[in-house]
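Structure file my_file-v5.cif (mmCIF, C-alpha atoms) follows.
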data_target
loop_
_atom_site.label_atom_id
_atom_site.label_comp_id
_atom_site.auth_asym_id
_atom_site.auth_seq_id
_atom_site.Cartn_x
_atom_site.Cartn_y
_atom_site.Cartn_z
CA MET I 1 50.90 -2.48 45.35
CA ALA I 2 50.55 -0.05 42.47
CA SER I 3 47.51 2.19 42.38
CA VAL I 4 44.52 1.62 40.11
CA SER I 5 42.05 4.39 39.40
CA LYS I 6 38.39 3.65 38.72
CA VAL I 7 36.23 6.37 37.21
CA LYS I 8 32.51 6.11 36.56
CA VAL I 9 31.60 7.18 33.03
CA GLU I 10 28.74 9.66 33.01
CA ASN I 11 28.28 11.35 29.62
CA ASP I 12 31.74 12.31 28.39
CA LEU I 13 33.92 9.26 27.65
CA LYS I 14 37.04 11.25 26.80
CA GLN I 15 36.75 13.21 30.03
CA ALA I 16 36.39 9.98 32.03
CA ILE I 17 39.51 8.53 30.42
CA ALA I 18 41.46 11.72 31.13
CA LYS I 19 40.26 11.71 34.75
CA ALA I 20 41.22 8.05 35.26
CA VAL I 21 44.74 8.73 34.02
CA GLU I 22 44.92 12.01 35.94
CA GLU I 23 44.28 10.12 39.18
CA ILE I 24 47.51 8.15 38.67
CA GLY I 25 49.61 11.12 37.58
CA GLY I 26 48.20 12.26 34.23
CA PHE I 27 49.27 11.55 30.67
CA GLY I 28 52.27 13.86 31.15
CA LYS I 29 53.71 11.40 33.66
CA PHE I 30 53.90 8.72 30.97
CA ILE I 31 54.41 10.61 27.70
CA ASN I 32 56.98 13.27 26.82
CA LYS I 33 56.59 15.74 23.98
CA GLY I 34 57.87 14.46 20.66
CA GLU I 35 57.61 10.77 21.52
CA VAL I 36 56.20 7.95 19.39
CA VAL I 37 53.45 6.12 21.26
CA PHE I 38 52.22 2.61 20.42
CA LEU I 39 48.63 1.75 21.35
CA LYS I 40 47.70 -1.92 21.71
CA PRO I 41 43.92 -2.43 21.48
CA ASN I 42 41.98 -5.71 21.28
CA PHE I 43 40.84 -6.68 17.79
CA ASN I 44 41.01 -10.45 18.14
CA THR I 45 37.71 -10.67 16.22
CA ALA I 46 35.23 -8.20 14.76
CA ASP I 47 32.66 -8.94 17.44
CA PRO I 48 31.27 -5.81 19.13
CA PHE I 49 32.59 -4.27 22.36
CA PRO I 50 33.53 -5.65 24.87
CA ALA I 51 34.69 -8.48 22.62
CA SER I 52 36.71 -5.85 20.73
CA THR I 53 37.99 -2.39 21.58
CA ASP I 54 35.33 0.27 21.08
CA ARG I 55 36.22 2.69 18.27
CA GLY I 56 35.04 5.72 20.27
CA PHE I 57 37.25 4.72 23.20
CA LEU I 58 40.25 4.27 20.92
CA LYS I 59 39.61 7.61 19.22
CA ALA I 60 39.48 9.38 22.58
CA VAL I 61 42.79 7.86 23.69
CA VAL I 62 44.46 8.84 20.40
CA GLU I 63 43.31 12.44 20.89
CA LEU I 64 44.48 12.57 24.51
CA VAL I 65 47.91 11.19 23.61
CA TYR I 66 48.35 13.75 20.83
CA GLU I 67 47.16 16.53 23.13
CA CYS I 68 49.95 15.49 25.52
CA GLY I 69 52.48 16.25 22.79
CA ALA I 70 53.18 12.91 21.13
CA LYS I 71 54.83 13.16 17.71
CA LEU I 72 53.11 10.05 16.38
CA VAL I 73 50.51 7.57 17.59
CA MET I 74 50.74 4.05 16.20
CA ILE I 75 47.99 1.46 16.60
CA GLY I 76 49.03 -2.15 16.13
CA GLU I 77 47.20 -5.44 16.52
CA SER I 78 46.88 -8.90 15.02
CA SER I 79 43.67 -10.86 15.21
CA THR I 80 43.24 -14.53 15.99
CA MET I 81 45.25 -16.53 13.46
CA THR I 82 42.16 -17.75 11.58
CA LEU I 83 41.19 -14.16 10.69
CA ASN I 84 42.76 -11.34 8.68
CA SER I 85 43.56 -8.39 10.95
CA ARG I 86 43.03 -5.76 8.25
CA LYS I 87 39.59 -7.13 7.44
CA VAL I 88 38.69 -7.27 11.13
CA MET I 89 39.70 -3.61 11.56
CA GLU I 90 37.80 -2.66 8.42
CA GLN I 91 34.66 -4.29 9.77
CA LEU I 92 35.07 -2.27 12.96
CA ASP I 93 35.67 0.97 11.00
CA ILE I 94 39.05 1.51 12.64
CA PHE I 95 40.83 2.85 9.55
CA SER I 96 38.48 5.86 9.51
CA LEU I 97 40.57 7.18 12.43
CA GLU I 98 43.32 7.90 9.90
CA LYS I 99 41.13 10.65 8.41
CA ALA I 100 41.38 12.81 11.55
CA LYS I 101 43.52 15.96 11.57
CA LEU I 102 45.89 14.34 14.07
CA SER I 103 45.66 10.82 12.76
CA PRO I 104 47.26 7.62 13.99
CA ARG I 105 49.04 5.15 11.78
CA ILE I 106 47.32 1.79 11.91
CA TYR I 107 49.24 -1.45 11.46
CA PRO I 108 47.74 -4.93 10.99
CA LEU I 109 50.76 -6.63 12.48
CA GLU I 110 50.89 -9.85 10.48
CA GLY I 111 51.85 -7.80 7.43
CA GLY I 112 55.05 -6.50 9.02
CA GLU I 113 58.44 -7.81 10.12
CA TRP I 114 58.95 -9.99 13.18
CA VAL I 115 61.89 -10.13 15.58
CA LYS I 116 62.75 -13.13 17.70
CA LYS I 117 62.92 -12.33 21.41
CA GLU I 118 64.29 -14.64 24.07
CA ILE I 119 62.44 -14.90 27.39
CA PRO I 120 65.21 -15.26 30.01
CA GLN I 121 62.75 -16.04 32.83
CA GLY I 122 60.69 -18.41 30.72
CA LYS I 123 59.91 -21.79 32.22
CA TYR I 124 57.06 -22.63 29.84
CA LEU I 125 57.80 -20.13 27.06
CA GLU I 126 61.42 -19.67 26.00
CA SER I 127 61.11 -17.32 23.02
CA VAL I 128 58.59 -15.56 20.77
CA HIS I 129 58.54 -13.38 17.68
CA LEU I 130 57.28 -9.84 18.28
CA PRO I 131 56.54 -7.12 15.71
CA GLU I 132 59.57 -5.09 14.69
CA ILE I 133 57.45 -1.95 14.81
CA LEU I 134 57.16 -2.26 18.59
CA ASP I 135 60.85 -1.40 18.88
CA ARG I 136 60.22 1.94 17.13
CA ALA I 137 57.95 3.20 19.90
CA ASP I 138 59.14 5.32 22.81
CA LYS I 139 56.11 4.42 24.91
CA VAL I 140 53.52 1.64 24.88
CA ILE I 141 49.93 1.89 26.13
CA PHE I 142 47.77 -1.21 26.57
CA LEU I 143 44.02 -0.81 26.04
CA PRO I 144 42.35 -4.00 27.30
CA CYS I 145 38.67 -4.72 27.50
CA LEU I 146 37.23 -6.36 30.63
CA LYS I 147 35.98 -9.92 30.20
CA THR I 148 36.24 -13.56 31.07
CA HIS I 149 37.93 -16.05 28.75
CA LYS I 150 36.88 -19.65 28.19
CA TYR I 151 40.50 -20.87 28.04
CA ALA I 152 42.45 -18.38 30.17
CA GLN I 153 39.59 -17.74 32.66
CA PHE I 154 40.21 -13.98 32.49
CA THR I 155 41.51 -11.64 29.81
CA GLY I 156 42.76 -8.21 30.75
CA SER I 157 46.08 -6.44 30.34
CA LEU I 158 48.33 -9.50 30.74
CA LYS I 159 46.39 -11.51 28.16
CA LEU I 160 46.35 -8.53 25.78
CA ALA I 161 50.07 -9.08 25.13
CA VAL I 162 49.26 -12.30 23.23
CA GLY I 163 48.05 -10.15 20.32
CA LEU I 164 51.67 -9.06 19.84
CA MET I 165 52.90 -12.61 19.24
CA LYS I 166 53.38 -13.97 15.76
CA PRO I 167 49.99 -15.60 15.09
CA ILE I 168 51.28 -19.08 14.23
CA GLU I 169 53.06 -19.27 17.60
CA ARG I 170 49.76 -18.94 19.45
CA VAL I 171 48.83 -22.52 18.59
CA SER I 172 51.46 -23.99 20.93
CA LEU I 173 50.83 -21.17 23.42
CA HIS I 174 47.28 -22.47 23.96
CA ALA I 175 48.30 -26.14 24.04
CA ARG I 176 49.22 -26.23 27.73
CA ASN I 177 50.09 -23.91 30.62
CA LEU I 178 48.43 -21.03 28.77
CA GLN I 179 48.14 -18.76 31.79
CA GLU I 180 51.72 -19.25 32.92
CA LYS I 181 52.94 -18.55 29.38
CA ILE I 182 50.88 -15.34 29.30
CA ALA I 183 52.73 -14.14 32.39
CA GLU I 184 56.13 -15.10 31.00
CA LEU I 185 55.42 -13.31 27.72
CA ASN I 186 54.80 -10.14 29.70
CA THR I 187 58.35 -10.13 31.05
CA ILE I 188 59.60 -8.91 27.64
CA ILE I 189 56.71 -6.53 26.87
CA LYS I 190 56.51 -3.58 29.21
CA PRO I 191 53.61 -1.15 28.71
CA ASP I 192 54.07 2.25 30.32
CA LEU I 193 50.36 2.72 30.94
CA ILE I 194 47.21 0.58 30.91
CA ILE I 195 43.73 2.01 30.34
CA MET I 196 40.97 -0.58 30.67
CA ASP I 197 37.54 0.02 29.18
CA GLY I 198 35.21 -1.45 31.78
CA ARG I 199 32.03 0.26 30.67
CA LYS I 200 30.78 -3.18 29.63
CA CYS I 201 32.15 -6.63 30.35
CA PHE I 202 31.53 -10.33 29.94
CA VAL I 203 31.11 -12.16 33.26
CA ASN I 204 31.26 -15.63 31.75
CA GLU I 205 32.32 -17.38 28.55
CA GLY I 206 34.37 -14.93 26.42
CA PRO I 207 36.40 -13.62 24.78
CA SER I 208 34.13 -12.99 21.77
CA GLU I 209 30.74 -13.43 23.44
CA GLY I 210 29.29 -13.98 26.87
CA GLU I 211 26.83 -12.72 29.43
CA LEU I 212 26.99 -8.93 29.29
CA THR I 213 26.98 -6.54 32.24
CA GLU I 214 27.72 -2.81 32.48
CA PRO I 215 30.04 -1.69 35.31
CA GLY I 216 30.31 1.71 33.59
CA LEU I 217 33.97 2.17 34.56
CA ILE I 218 37.29 3.27 33.10
CA LEU I 219 40.32 1.90 34.94
CA ALA I 220 43.91 3.09 34.68
CA SER I 221 47.20 1.91 36.15
CA GLU I 222 50.87 1.52 35.30
CA ASN I 223 50.81 -2.03 36.67
CA ARG I 224 49.33 -4.95 34.75
CA VAL I 225 48.85 -7.22 37.75
CA ALA I 226 47.16 -4.53 39.82
CA ILE I 227 44.65 -3.55 37.13
CA ASP I 228 43.89 -7.18 36.25
CA VAL I 229 43.20 -8.05 39.89
CA GLU I 230 40.80 -5.10 40.12
CA GLY I 231 39.16 -6.21 36.88
CA ILE I 232 38.65 -9.72 38.24
CA LYS I 233 37.06 -8.31 41.39
CA ILE I 234 34.66 -6.22 39.30
CA ILE I 235 33.56 -9.30 37.34
CA GLN I 236 33.18 -11.23 40.60
CA SER I 237 30.77 -8.58 41.90
CA PHE I 238 28.14 -9.65 39.34
CA PRO I 239 25.90 -12.72 39.77
CA GLY I 240 26.47 -15.62 37.43
CA ASN I 241 30.16 -14.88 36.94
CA SER I 242 32.52 -17.74 36.07
CA LEU I 243 35.22 -16.52 38.49
CA LYS I 244 33.12 -16.94 41.62
CA GLY I 245 35.04 -18.17 44.64
CA ILE I 246 38.44 -17.70 43.02
CA ASP I 247 41.11 -15.72 44.83
CA PRO I 248 42.38 -13.37 42.08
CA TRP I 249 45.92 -13.80 43.36
CA GLU I 250 45.66 -17.58 42.87
CA LEU I 251 44.60 -17.32 39.21
CA PRO I 252 47.58 -18.97 37.41
CA GLN I 253 48.38 -15.98 35.17
CA ILE I 254 48.35 -13.63 38.18
CA LYS I 255 50.26 -16.01 40.43
CA ARG I 256 52.98 -16.58 37.83
CA ALA I 257 53.17 -12.84 37.10
CA VAL I 258 53.79 -12.18 40.79
CA GLU I 259 56.51 -14.86 40.86
CA LEU I 260 58.14 -13.04 37.94
CA GLY I 261 58.02 -9.67 39.72
CA LEU I 262 55.41 -8.06 37.45
CA ASP I 263 53.40 -6.78 40.41
CA VAL I 264 55.88 -4.01 41.25
#

How would this structure read if it were set down as structure tokens?
Amino acid sequence: MASVSKVKVENDLKQAIAKAVEEIGGFGKFINKGEVVFLKPNFNTADPFPASTDRGFLKAVVELVYECGAKLVMIGESSTMTLNSRKVMEQLDIFSLEKAKLSPRIYPLEGGEWVKKEIPQGKYLESVHLPEILDRADKVIFLPCLKTHKYAQFTGSLKLAVGLMKPIERVSLHARNLQEKIAELNTIIKPDLIIMDGRKCFVNEGPSEGELTEPGLILASENRVAIDVEGIKIIQSFPGNSLKGIDPWELPQIKRAVELGLDV
């Protein structure tokens, strides 16, 4: 089973993120000098963290990736299909990151080109359209929040991949076998690193609102299944959680991901 680091955030968020990644090999293990790095945050809605990625967290990751020698950092996301991604990011003040000396390029994905991708291992999901810009990146980093989800039970790194699908295709995705489809989608999207912001989390309802708790943690791993299982366990440690009594490995999205070999 792949390792997952868990670092308690004291005062310095950037330092905590760096330490979490350092414990699994450091940013230099995942990023080479001169590479283009794609960051995938969570801006499904403009609701505050942990419903959406915290701007300060995202800023710290951008800085750390540039300090590792990346040539360019791209940030890409598309919100829920009933919302405009650019407006969501504007509400969250994300475009102000482009004013930094080493600035990222920010892409509301629905405004770009889409490429059809077949899912060879798909039983419930045979193909999807993914953003063309994803193919330009040398490395991909997922930046999930930690929270429950009223339809998928849990949303972490595996569920984060849904934000890379063409928005209109998410209607049928949610119609049936949502969790299994989430796992199958992840067979054609392979992040090199996952950094989960677990400073705050929802322990029930979600993804845009729920009962709030504060684990105060940053998690890092190169394995989506491993970090999601740890995230589920953290949520389960709080009273009133909606995942009580569930074996994380039996959650349909985790179980299907294991069947597909995503746990190695």

Can you spell out as a list in words the set of residues that the PyMOL selection byres ((chain I and resi 204-216) around 6) selects in the structure I just provided?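 The output of the PyMOL selection byres ((chain I and resi 204-216) around 6) on this file is Lys8, Val9, Ala51, Thr148, His149, Lys150, Arg199, Lys200, Cys201, Phe202, Val203, Leu217, Asn241 and Ser242 of chain I.
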
Generate the output file for the selected residues, C-alpha atoms, as an mmCIF file, in the coordinates of the input.
data_model
loop_
_atom_site.group_PDB
_atom_site.id
_atom_site.type_symbol
_atom_site.label_atom_id
_atom_site.label_comp_id
_atom_site.auth_asym_id
_atom_site.auth_seq_id
_atom_site.Cartn_x
_atom_site.Cartn_y
_atom_site.Cartn_z
ATOM 1 C CA LYS I 8 32.510 6.110 36.560
ATOM 2 C CA VAL I 9 31.600 7.180 33.030
ATOM 3 C CA ALA I 51 34.690 -8.480 22.620
ATOM 4 C CA THR I 148 36.240 -13.560 31.070
ATOM 5 C CA HIS I 149 37.930 -16.050 28.750
ATOM 6 C CA LYS I 150 36.880 -19.650 28.190
ATOM 7 C CA ARG I 199 32.030 0.260 30.670
ATOM 8 C CA LYS I 200 30.780 -3.180 29.630
ATOM 9 C CA CYS I 201 32.150 -6.630 30.350
ATOM 10 C CA PHE I 202 31.530 -10.330 29.940
ATOM 11 C CA VAL I 203 31.110 -12.160 33.260
ATOM 12 C CA LEU I 217 33.970 2.170 34.560
ATOM 13 C CA ASN I 241 30.160 -14.880 36.940
ATOM 14 C CA SER I 242 32.520 -17.740 36.070
#

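Checking I:Pro104, I:Gly56, I:Gly76, I:Pro131 one by one against Ile17 of chain I, counting only C-alpha atoms, you find the shortest gap at I:Gly56.
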
Kindly indicate which residue among I:Met196, I:Ala137, I:Ile189, I:Leu130 lies nearest to Thr53 of chain I, using only C-alpha atoms for the distances.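 The answer is I:Met196, which sits nearest to Thr53 of chain I.
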
In Å, rounded to a single decimal, give me how far atom CA of Glu35 of chain I is from atom CA of Asp138 of chain I.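 Between atom CA of Asp138 of chain I and atom CA of Glu35 of chain I the gap works out to 5.8 Å.
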
Return as a Markdown table the residues of segment 18-103 of chain I lying at most 12 Å from segment 221-234 of chain I, together with the closest atom-to-atom pair for each and the distance in Å to one decimal, counting all atoms listed in the file, with rows in chain order and ascending residue number.
| residue | atom | partner | partner_atom | distance |
| --- | --- | --- | --- | --- |
| I:Ala20 | CA | I:Ser221 | CA | 8.6 |
| I:Val21 | CA | I:Ser221 | CA | 7.6 |
| I:Glu22 | CA | I:Ser221 | CA | 10.4 |
| I:Glu23 | CA | I:Ser221 | CA | 9.2 |
| I:Ile24 | CA | I:Ser221 | CA | 6.7 |
| I:Gly25 | CA | I:Ser221 | CA | 9.6 |
| I:Gly26 | CA | I:Ser221 | CA | 10.6 |
| I:Phe27 | CA | I:Glu222 | CA | 11.2 |
| I:Lys29 | CA | I:Glu222 | CA | 10.4 |
| I:Phe30 | CA | I:Glu222 | CA | 8.9 |

Just so I have it separately, write segment 183-198 of chain I from the block I sent, keeping N, CA and C atoms, as a PDB file, in the first residue's frame.
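What ended up in selection.pdb:
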ATOM      1  N   ALA I 183     -14.459   5.716 -10.360  1.00  0.00           N
ATOM      2  CA  ALA I 183     -13.249   4.886 -10.381  1.00  0.00           C
ATOM      3  C   ALA I 183     -12.782   4.634 -11.806  1.00  0.00           C
ATOM      4  N   GLU I 184     -13.709   4.327 -12.704  1.00  0.00           N
ATOM      5  CA  GLU I 184     -13.336   4.034 -14.088  1.00  0.00           C
ATOM      6  C   GLU I 184     -12.774   5.258 -14.792  1.00  0.00           C
ATOM      7  N   LEU I 185     -13.318   6.421 -14.507  1.00  0.00           N
ATOM      8  CA  LEU I 185     -12.776   7.667 -15.056  1.00  0.00           C
ATOM      9  C   LEU I 185     -11.304   7.828 -14.684  1.00  0.00           C
ATOM     10  N   ASN I 186     -10.966   7.435 -13.473  1.00  0.00           N
ATOM     11  CA  ASN I 186      -9.601   7.616 -12.981  1.00  0.00           C
ATOM     12  C   ASN I 186      -8.580   6.703 -13.651  1.00  0.00           C
ATOM     13  N   THR I 187      -9.033   5.745 -14.435  1.00  0.00           N
ATOM     14  CA  THR I 187      -8.068   4.899 -15.148  1.00  0.00           C
ATOM     15  C   THR I 187      -7.406   5.639 -16.294  1.00  0.00           C
ATOM     16  N   ILE I 188      -8.012   6.751 -16.767  1.00  0.00           N
ATOM     17  CA  ILE I 188      -7.409   7.495 -17.878  1.00  0.00           C
ATOM     18  C   ILE I 188      -6.890   8.871 -17.443  1.00  0.00           C
ATOM     19  N   ILE I 189      -6.965   9.151 -16.154  1.00  0.00           N
ATOM     20  CA  ILE I 189      -6.396  10.384 -15.593  1.00  0.00           C
ATOM     21  C   ILE I 189      -5.452   9.974 -14.486  1.00  0.00           C
ATOM     22  N   LYS I 190      -4.182  10.292 -14.638  1.00  0.00           N
ATOM     23  CA  LYS I 190      -3.193   9.766 -13.698  1.00  0.00           C
ATOM     24  C   LYS I 190      -2.387  10.902 -13.059  1.00  0.00           C
ATOM     25  N   PRO I 191      -2.842  11.427 -11.933  1.00  0.00           N
ATOM     26  CA  PRO I 191      -2.069  12.463 -11.243  1.00  0.00           C
ATOM     27  C   PRO I 191      -0.762  11.892 -10.704  1.00  0.00           C
ATOM     28  N   ASP I 192       0.268  12.726 -10.731  1.00  0.00           N
ATOM     29  CA  ASP I 192       1.573  12.295 -10.223  1.00  0.00           C
ATOM     30  C   ASP I 192       1.689  12.484  -8.712  1.00  0.00           C
ATOM     31  N   LEU I 193       0.864  13.374  -8.188  1.00  0.00           N
ATOM     32  CA  LEU I 193       0.928  13.718  -6.768  1.00  0.00           C
ATOM     33  C   LEU I 193      -0.444  14.213  -6.335  1.00  0.00           C
ATOM     34  N   ILE I 194      -0.828  13.872  -5.108  1.00  0.00           N
ATOM     35  CA  ILE I 194      -2.069  14.377  -4.518  1.00  0.00           C
ATOM     36  C   ILE I 194      -1.732  15.052  -3.195  1.00  0.00           C
ATOM     37  N   ILE I 195      -2.222  16.284  -3.039  1.00  0.00           N
ATOM     38  CA  ILE I 195      -2.070  17.010  -1.772  1.00  0.00           C
ATOM     39  C   ILE I 195      -3.475  17.384  -1.314  1.00  0.00           C
ATOM     40  N   MET I 196      -3.898  16.828  -0.205  1.00  0.00           N
ATOM     41  CA  MET I 196      -5.258  17.028   0.293  1.00  0.00           C
ATOM     42  C   MET I 196      -5.256  18.037   1.442  1.00  0.00           C
ATOM     43  N   ASP I 197      -6.101  19.040   1.311  1.00  0.00           N
ATOM     44  CA  ASP I 197      -6.230  20.040   2.361  1.00  0.00           C
ATOM     45  C   ASP I 197      -7.272  19.566   3.364  1.00  0.00           C
ATOM     46  N   GLY I 198      -6.797  19.006   4.463  1.00  0.00           N
ATOM     47  CA  GLY I 198      -7.682  18.492   5.504  1.00  0.00           C
ATOM     48  C   GLY I 198      -7.685  19.353   6.747  1.00  0.00           C
TER      49      GLY I 198
END
